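Heads up, the thing below is written out as structure tokens.
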Amino acid sequence: MSHDSTAAPEAAARKLSGRRRKEIVAVLLFSGGPIFESSIPLSVFGIDRQDAGVPRYRLLVCGGEEGPLRTTGGLELTAPHGLEAIARAGTVVVPAWRSITSPPPEDALDALRRAHEEGARIVGLCTGAFVLAAAGLLDGRPATTHWMYAPTLAKRYPSVHVDPRELFVDDGDVLTSAGTAAGIDLCLHIVRTDHGNEAAGALARRLVVPPRRSGGQERYLDRSLPEEIGADPLAEVVAWALEHLHEQFDVETLAARAYMSRRTFDRRFRSLTGSAPLQWLITQRVLQAQRLLETSDYSVDEVAGRCGFRSPVALRGHFRRQLGSSPAAYRAAYRARRPQGERQTDNEPSPPLPPQALHPDAPGPVPPQLRRTASAAAGALGSSASLPSEHARDSYATSRASLPGQRSST
């Protein structure tokens, strides 16, 4: 799913200054940036594919700081241009930033601000959104980034309207994307905006990717809370919720346990996580339902009860709104995609669910291993120990590559 803002006519009407050219794309690289994300705009905008019907861009690769620039695997890169070359570009792309906890160089932020003031289109891929936010270019705007970093972006820059569900967000003159592959989606969107569907389709065929991907980041979300909440009193409330999964309670109950009004609790929870508590809880239910549909033979009605939904109708409604598919269709598509040898048998126990996937409204007894995890969550909720491994996360994401009924990217 993508988001194209239509509420920014002023941004859309801005003109480039005389020294900037629309066809020039500057890519701003920093030391420590991942090479995959960095290579995406270089490949899209830096290779002449006019023979395939793709209009040519002029690429300027700019170092955002003194080189050589170290990247993935210890490789060293030397950018042919410095920050001064950004002054010629109609589009400036920041493909990634090395650390969401460290501030970008002020010289680079100044160059981005000047480019924006002079009418350039500014693009942040994945963690590049943190650079745009540090420059103040996302204030009051919708934006996205990799789902894993979205809560941190929302907390650090509260004036940014972070939506972790989107593959990319086009707000006219400022655009952001989710992680890695979503950077390709946004670059294709830029080509489509500049030169039409035919050019974007031709480029997609050359890259061997779909011209438009359906769905959003919901399929990949791990809804654990960010590290910053681990030492916060709210961690104890969430741990209590995990310990009492078999009980029926709502956000008001959690607010009372935090000794806060509902309004204060909502505000505090959102400031820490970037999400409203009710939406977070609903998302946990849907995420748990996904995993049960994948790993068990429970009926949809049984899944609804085990995920804390008060009825199968509620499960179906929330599931379709978040994933664009019915639970039954999702299960059928998932099982059809699995190799025959990996099919779970009736006698094979379902793997235990990580506690962050479970909604505190779930009825029934809590398995002992989840009780133990819940009791430990108060002191370490959101730490790396509570997150699935990179391999597991990648496998989880890959399993959802193309499921029926996902929302259109238009």
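In the structure tokens, chains take letters A, B, ... by order of appearance, with residues numbered from 1 within each chain and ligands from 1 in the order shown.
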
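Here the DSSP assignment of strand (DSSP E or B), based on backbone atoms, applies within stretch 136-171 of chain A to Pro142, Ala143, His161, Val162, Phe168, Val169 and Asp170 of chain A.
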
Problem set entry | Distance query stretch 38-45 of chain A at most 8 Å, only C-alpha atoms, self and fewer than 5 positions along chain excluded, as a list in words | Val25, Val27, Leu29, Gly33, Arg56, Tyr57, Arg58, Leu59, Val61, Val93, Pro95, Ala96, Gly183, Ile184, Cys187, Leu188 and Leu203 of chain A

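Going from atom CA of A:Ser275 over to atom CA of A:Asp163, you cover 8.9 Å.
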
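When atom CA of A:Thr78 is paired with atom CA of A:Cys62, their separation reads 9.2 Å.
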
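The smallest atom-to-atom distance between A:Trp280 and any of A:Gly46, A:Gly64, A:Pro103, A:Pro164, using only C-alpha atoms, is found for A:Pro164.
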
Problem set entry | Distance query A:Val123 at most 6 Å, only C-alpha atoms, self and fewer than 2 positions along chain excluded, as a list in words | Val93, Val174, Leu175 and Thr176 of chain A

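Distance-wise, atom CA of A:Glu294 and atom CA of A:Ala332 end up 9.2 Å apart.
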